[in-house]
file target-v8.pdb (PDB, C-alpha atoms and all ligand atoms)
ATOM      1  CA  MET A   1     -79.481  61.809 -60.558
ATOM      2  CA  LYS A   2     -80.041  63.928 -57.447
ATOM      3  CA  LEU A   3     -78.813  67.475 -57.307
ATOM      4  CA  GLN A   4     -78.439  70.165 -54.716
ATOM      5  CA  PHE A   5     -78.210  73.795 -55.773
ATOM      6  CA  LYS A   6     -77.029  76.852 -53.914
ATOM      7  CA  CYS A   7     -75.740  79.732 -55.966
ATOM      8  CA  GLN A   8     -72.177  80.682 -54.987
ATOM      9  CA  GLN A   9     -72.447  84.120 -56.608
ATOM     10  CA  CYS A  10     -69.362  83.556 -58.707
ATOM     11  CA  GLY A  11     -70.908  85.272 -61.756
ATOM     12  CA  GLU A  12     -69.516  82.705 -64.190
ATOM     13  CA  CYS A  13     -72.898  82.103 -65.836
ATOM     14  CA  CYS A  14     -73.318  85.843 -66.414
ATOM     15  CA  ARG A  15     -69.836  86.154 -67.857
ATOM     16  CA  LYS A  16     -70.229  83.136 -70.076
ATOM     17  CA  TYR A  17     -73.786  83.416 -71.338
ATOM     18  CA  SER A  18     -74.817  87.024 -71.058
ATOM     19  CA  GLY A  19     -73.927  87.695 -74.685
ATOM     20  CA  GLY A  20     -77.008  85.842 -75.865
ATOM     21  CA  LEU A  21     -79.888  86.182 -73.443
ATOM     22  CA  THR A  22     -83.545  86.410 -74.292
ATOM     23  CA  ALA A  23     -86.282  88.328 -72.568
ATOM     24  CA  SER A  24     -89.771  86.898 -72.323
ATOM     25  CA  ALA A  25     -92.989  88.845 -72.898
ATOM     26  CA  GLN A  26     -93.509  88.778 -69.106
ATOM     27  CA  ASP A  27     -90.059  90.282 -68.519
ATOM     28  CA  ILE A  28     -90.794  93.081 -70.959
ATOM     29  CA  MET A  29     -94.242  93.809 -69.537
ATOM     30  CA  ARG A  30     -92.778  93.943 -66.035
ATOM     31  CA  TRP A  31     -89.979  96.312 -67.097
ATOM     32  CA  ARG A  32     -92.514  98.552 -68.819
ATOM     33  CA  ARG A  33     -94.679  98.592 -65.700
ATOM     34  CA  GLU A  34     -91.629  99.385 -63.588
ATOM     35  CA  LYS A  35     -90.545 102.055 -66.096
ATOM     36  CA  ARG A  36     -87.112 100.436 -66.436
ATOM     37  CA  SER A  37     -85.900 102.247 -69.521
ATOM     38  CA  ASP A  38     -82.350 101.408 -68.404
ATOM     39  CA  ILE A  39     -83.157  97.731 -69.032
ATOM     40  CA  LEU A  40     -85.548  98.164 -71.950
ATOM     41  CA  LYS A  41     -82.911  99.938 -73.990
ATOM     42  CA  HIS A  42     -81.117  96.585 -74.193
ATOM     43  CA  VAL A  43     -84.155  94.738 -75.604
ATOM     44  CA  LEU A  44     -84.795  94.086 -79.268
ATOM     45  CA  PRO A  45     -87.921  92.234 -80.521
ATOM     46  CA  PHE A  46     -86.862  89.029 -82.250
ATOM     47  CA  GLY A  47     -88.923  86.325 -83.950
ATOM     48  CA  VAL A  48     -92.451  85.555 -82.818
ATOM     49  CA  ASN A  49     -91.935  84.654 -79.189
ATOM     50  CA  GLY A  50     -89.027  86.481 -77.817
ATOM     51  CA  SER A  51     -86.757  89.389 -77.611
ATOM     52  CA  LEU A  52     -83.048  89.595 -77.509
ATOM     53  CA  PHE A  53     -81.572  90.977 -74.372
ATOM     54  CA  GLY A  54     -77.886  91.578 -74.688
ATOM     55  CA  GLY A  55     -75.291  90.688 -77.257
ATOM     56  CA  GLU A  56     -74.965  93.511 -79.767
ATOM     57  CA  LEU A  57     -77.215  95.567 -77.511
ATOM     58  CA  TRP A  58     -74.758  95.766 -74.654
ATOM     59  CA  ILE A  59     -73.592  99.244 -75.445
ATOM     60  CA  LYS A  60     -72.471 101.909 -73.042
ATOM     61  CA  GLU A  61     -71.495 105.375 -74.162
ATOM     62  CA  GLY A  62     -71.150 104.129 -77.709
ATOM     63  CA  GLU A  63     -68.818 101.311 -76.740
ATOM     64  CA  LYS A  64     -69.761  97.656 -77.196
ATOM     65  CA  LEU A  65     -69.524  95.631 -74.007
ATOM     66  CA  GLU A  66     -68.402  92.015 -73.747
ATOM     67  CA  ARG A  67     -70.949  91.110 -71.131
ATOM     68  CA  CYS A  68     -74.050  92.167 -69.289
ATOM     69  CA  PRO A  69     -73.719  95.718 -67.960
ATOM     70  CA  PHE A  70     -75.698  94.753 -64.853
ATOM     71  CA  LEU A  71     -73.023  92.358 -63.621
ATOM     72  CA  ARG A  72     -71.191  93.760 -60.599
ATOM     73  CA  LYS A  73     -68.033  92.275 -59.174
ATOM     74  CA  LYS A  74     -66.595  92.857 -55.729
ATOM     75  CA  GLY A  75     -63.579  90.710 -54.951
ATOM     76  CA  ARG A  76     -64.584  87.158 -55.699
ATOM     77  CA  GLU A  77     -68.267  87.856 -55.369
ATOM     78  CA  ALA A  78     -70.484  88.796 -58.225
ATOM     79  CA  SER A  79     -73.937  90.275 -58.049
ATOM     80  CA  CYS A  80     -76.673  91.401 -60.364
ATOM     81  CA  ALA A  81     -77.596  95.082 -60.251
ATOM     82  CA  ILE A  82     -81.141  94.225 -61.392
ATOM     83  CA  HIS A  83     -81.533  91.123 -59.227
ATOM     84  CA  ASP A  84     -85.125  91.873 -58.184
ATOM     85  CA  THR A  85     -86.306  92.150 -61.756
ATOM     86  CA  LYS A  86     -83.743  90.211 -63.760
ATOM     87  CA  PRO A  87     -85.025  88.228 -66.747
ATOM     88  CA  GLY A  88     -86.573  84.817 -66.158
ATOM     89  CA  VAL A  89     -83.787  83.122 -68.080
ATOM     90  CA  CYS A  90     -81.290  84.384 -65.470
ATOM     91  CA  ARG A  91     -83.617  83.746 -62.533
ATOM     92  CA  LYS A  92     -84.022  80.089 -63.520
ATOM     93  CA  TYR A  93     -80.379  79.354 -64.389
ATOM     94  CA  PRO A  94     -79.064  76.615 -64.424
ATOM     95  CA  PHE A  95     -82.524  75.043 -64.758
ATOM     96  CA  ASN A  96     -83.805  77.459 -67.396
ATOM     97  CA  GLY A  97     -84.424  74.863 -70.085
ATOM     98  CA  VAL A  98     -81.367  75.873 -72.066
ATOM     99  CA  ARG A  99     -78.901  73.022 -72.469
ATOM    100  CA  VAL A 100     -76.312  73.665 -69.821
ATOM    101  CA  ASP A 101     -73.563  71.379 -68.587
ATOM    102  CA  LEU A 102     -74.476  71.339 -64.905
ATOM    103  CA  ARG A 103     -70.831  70.739 -63.977
ATOM    104  CA  GLU A 104     -70.119  74.289 -65.148
ATOM    105  CA  CYS A 105     -72.026  75.730 -62.224
ATOM    106  CA  LYS A 106     -70.200  75.859 -58.887
ATOM    107  CA  GLY A 107     -73.522  75.920 -57.082
ATOM    108  CA  ILE A 108     -74.516  72.437 -58.216
ATOM    109  CA  LYS A 109     -73.669  69.433 -56.120
ATOM    110  CA  ILE A 110     -74.328  66.095 -57.768
ATOM    111  CA  LEU A 111     -75.378  63.753 -54.971
ATOM    112  CA  GLN A 112     -75.496  60.487 -56.956
TER
HETATM  113  S1  LIG B   1     -72.405  79.761 -62.248
HETATM  114 FE1  LIG B   1     -73.823  78.835 -60.772
HETATM  115  S2  LIG B   1     -72.913  79.358 -58.747
HETATM  116 FE2  LIG B   1     -71.994  80.738 -60.252
HETATM  117  S3  LIG B   1     -73.304  82.574 -60.210
HETATM  118 FE3  LIG B   1     -74.067  81.234 -61.867
HETATM  119  S4  LIG B   1     -75.710  80.047 -60.872
HETATM  120 FE4  LIG B   1     -74.456  80.908 -59.221
HETATM  121  S1  LIG B   2     -79.149  90.366 -65.800
HETATM  122 FE1  LIG B   2     -78.082  89.889 -63.907
HETATM  123  S2  LIG B   2     -78.170  87.646 -63.706
HETATM  124 FE2  LIG B   2     -78.624  88.187 -65.855
HETATM  125  S3  LIG B   2     -76.662  88.118 -66.935
HETATM  126 FE3  LIG B   2     -76.962  90.213 -66.251
HETATM  127  S4  LIG B   2     -75.920  90.314 -64.261
HETATM  128 FE4  LIG B   2     -76.236  88.153 -64.758
END
call {"tool": "encode", "arguments": {"input": "target-v8.pdb", "output": "structure tokens"}}
result
Amino acid sequence: MKLQFKCQQCGECCRKYSGGLTASAQDIMRWRREKRSDILKHVLPFGVNGSLFGGELWIKEGEKLERCPFLRKKGREASCAIHDTKPGVCRKYPFNGVRVDLRECKGIKILQ
């Protein structure tokens, strides 16, 4: 199967999956180096390999959020407020190794 991918910036993946993201050790080291306490406050060490980024940790002014607080929406276009340093799992979507139905992503064109 051949695929073509060009993100359409619809933000659907962020809306749908941002409740359960993980941050890698590299993500965390980078955020520490960049002094991104605004991002690090959403990280919780979990298990041996990873850290949770999101879910129960999406809290703003004491209120639990449904989705990633870095998702910005303007009209039909969505963008990521931390695009330059977003976690690898977001950077690699929809090819991030997590089982994803590729038809869910508007940016994927199945060629054959
Ligand atoms: S669902 Fe696909 S096209 Fe839409 S923002 Fe995510 S990666 Fe881009
Ligand atoms: S960090 Fe950015 S790309 Fe990842 S879920 Fe949040 S808004 Fe989407």
call {"tool": "resolve_selection", "arguments": {"input": "target-v8.pdb", "expression": "the PyMOL selection byres (((chain A and resi 63-75) around 12) and not hetatm)", "output": "ChimeraX atom specification"}}
result
/A:9-21,38-39,41-42,53-62,76-87,90
call {"tool": "atom_distance", "arguments": {"input": "target-v8.pdb", "atom1": "atom CA of Lys92 of chain A", "atom2": "atom CA of Ile110 of chain A"}}
result
18.0 Å
call {"tool": "closest_residue", "arguments": {"input": "target-v8.pdb", "among": "A:Leu111, A:Ala23, A:Cys7, A:Met1", "to": "ligand LIG 1 (chain B)", "atoms": "all atoms listed in the file"}}
result
A:Cys7
call {"tool": "residues_around", "arguments": {"input": "target-v8.pdb", "residues": "Pro94 of chain A", "least_positions_apart": "5", "cutoff": "9 Å", "atoms": "only C-alpha atoms", "output": "JSON, numbers by chain"}}
result
{"A": [13, 89, 99, 100, 101, 102, 105, 108]}
call {"tool": "resolve_selection", "arguments": {"input": "target-v8.pdb", "expression": "the PyMOL selection byres (((chain A and resi 27) around 10) and not hetatm)", "output": "NGL selection string"}}
result
:A and (22-26 or 28-33 or 40 or 51 or 85-89)
call {"tool": "closest_residue", "arguments": {"input": "target-v8.pdb", "among": "A:Lys6, A:Pro45, A:Arg91, A:Lys35", "to": "ligand LIG 2 (chain B)", "atoms": "only C-alpha atoms and all ligand atoms"}}
result
A:Arg91
call {"tool": "atom_distance", "arguments": {"input": "target-v8.pdb", "atom1": "atom FE1 of ligand LIG 2 (chain B)", "atom2": "atom CA of Tyr93 of chain A"}}
result
10.8 Å
call {"tool": "atom_distance", "arguments": {"input": "target-v8.pdb", "atom1": "atom S2 of ligand LIG 2 (chain B)", "atom2": "atom CA of Leu3 of chain A"}}
result
21.2 Å
call {"tool": "axis_aligned_box", "arguments": {"input": "target-v8.pdb", "around": "segment 66-84 of chain A", "padding_each_side": "8 Å", "output": "lines of an AutoDock Vina configuration file"}}
result
center_x = -74.4
center_y = 91.4
center_z = -64.3
size_x = 37.5
size_y = 24.6
size_z = 34.8
call {"tool": "closest_residue", "arguments": {"input": "target-v8.pdb", "among": "A:Phe95, A:Lys2, A:Phe46, A:Glu34", "to": "ligand LIG 1 (chain B)", "atoms": "all atoms listed in the file"}}
result
A:Phe95
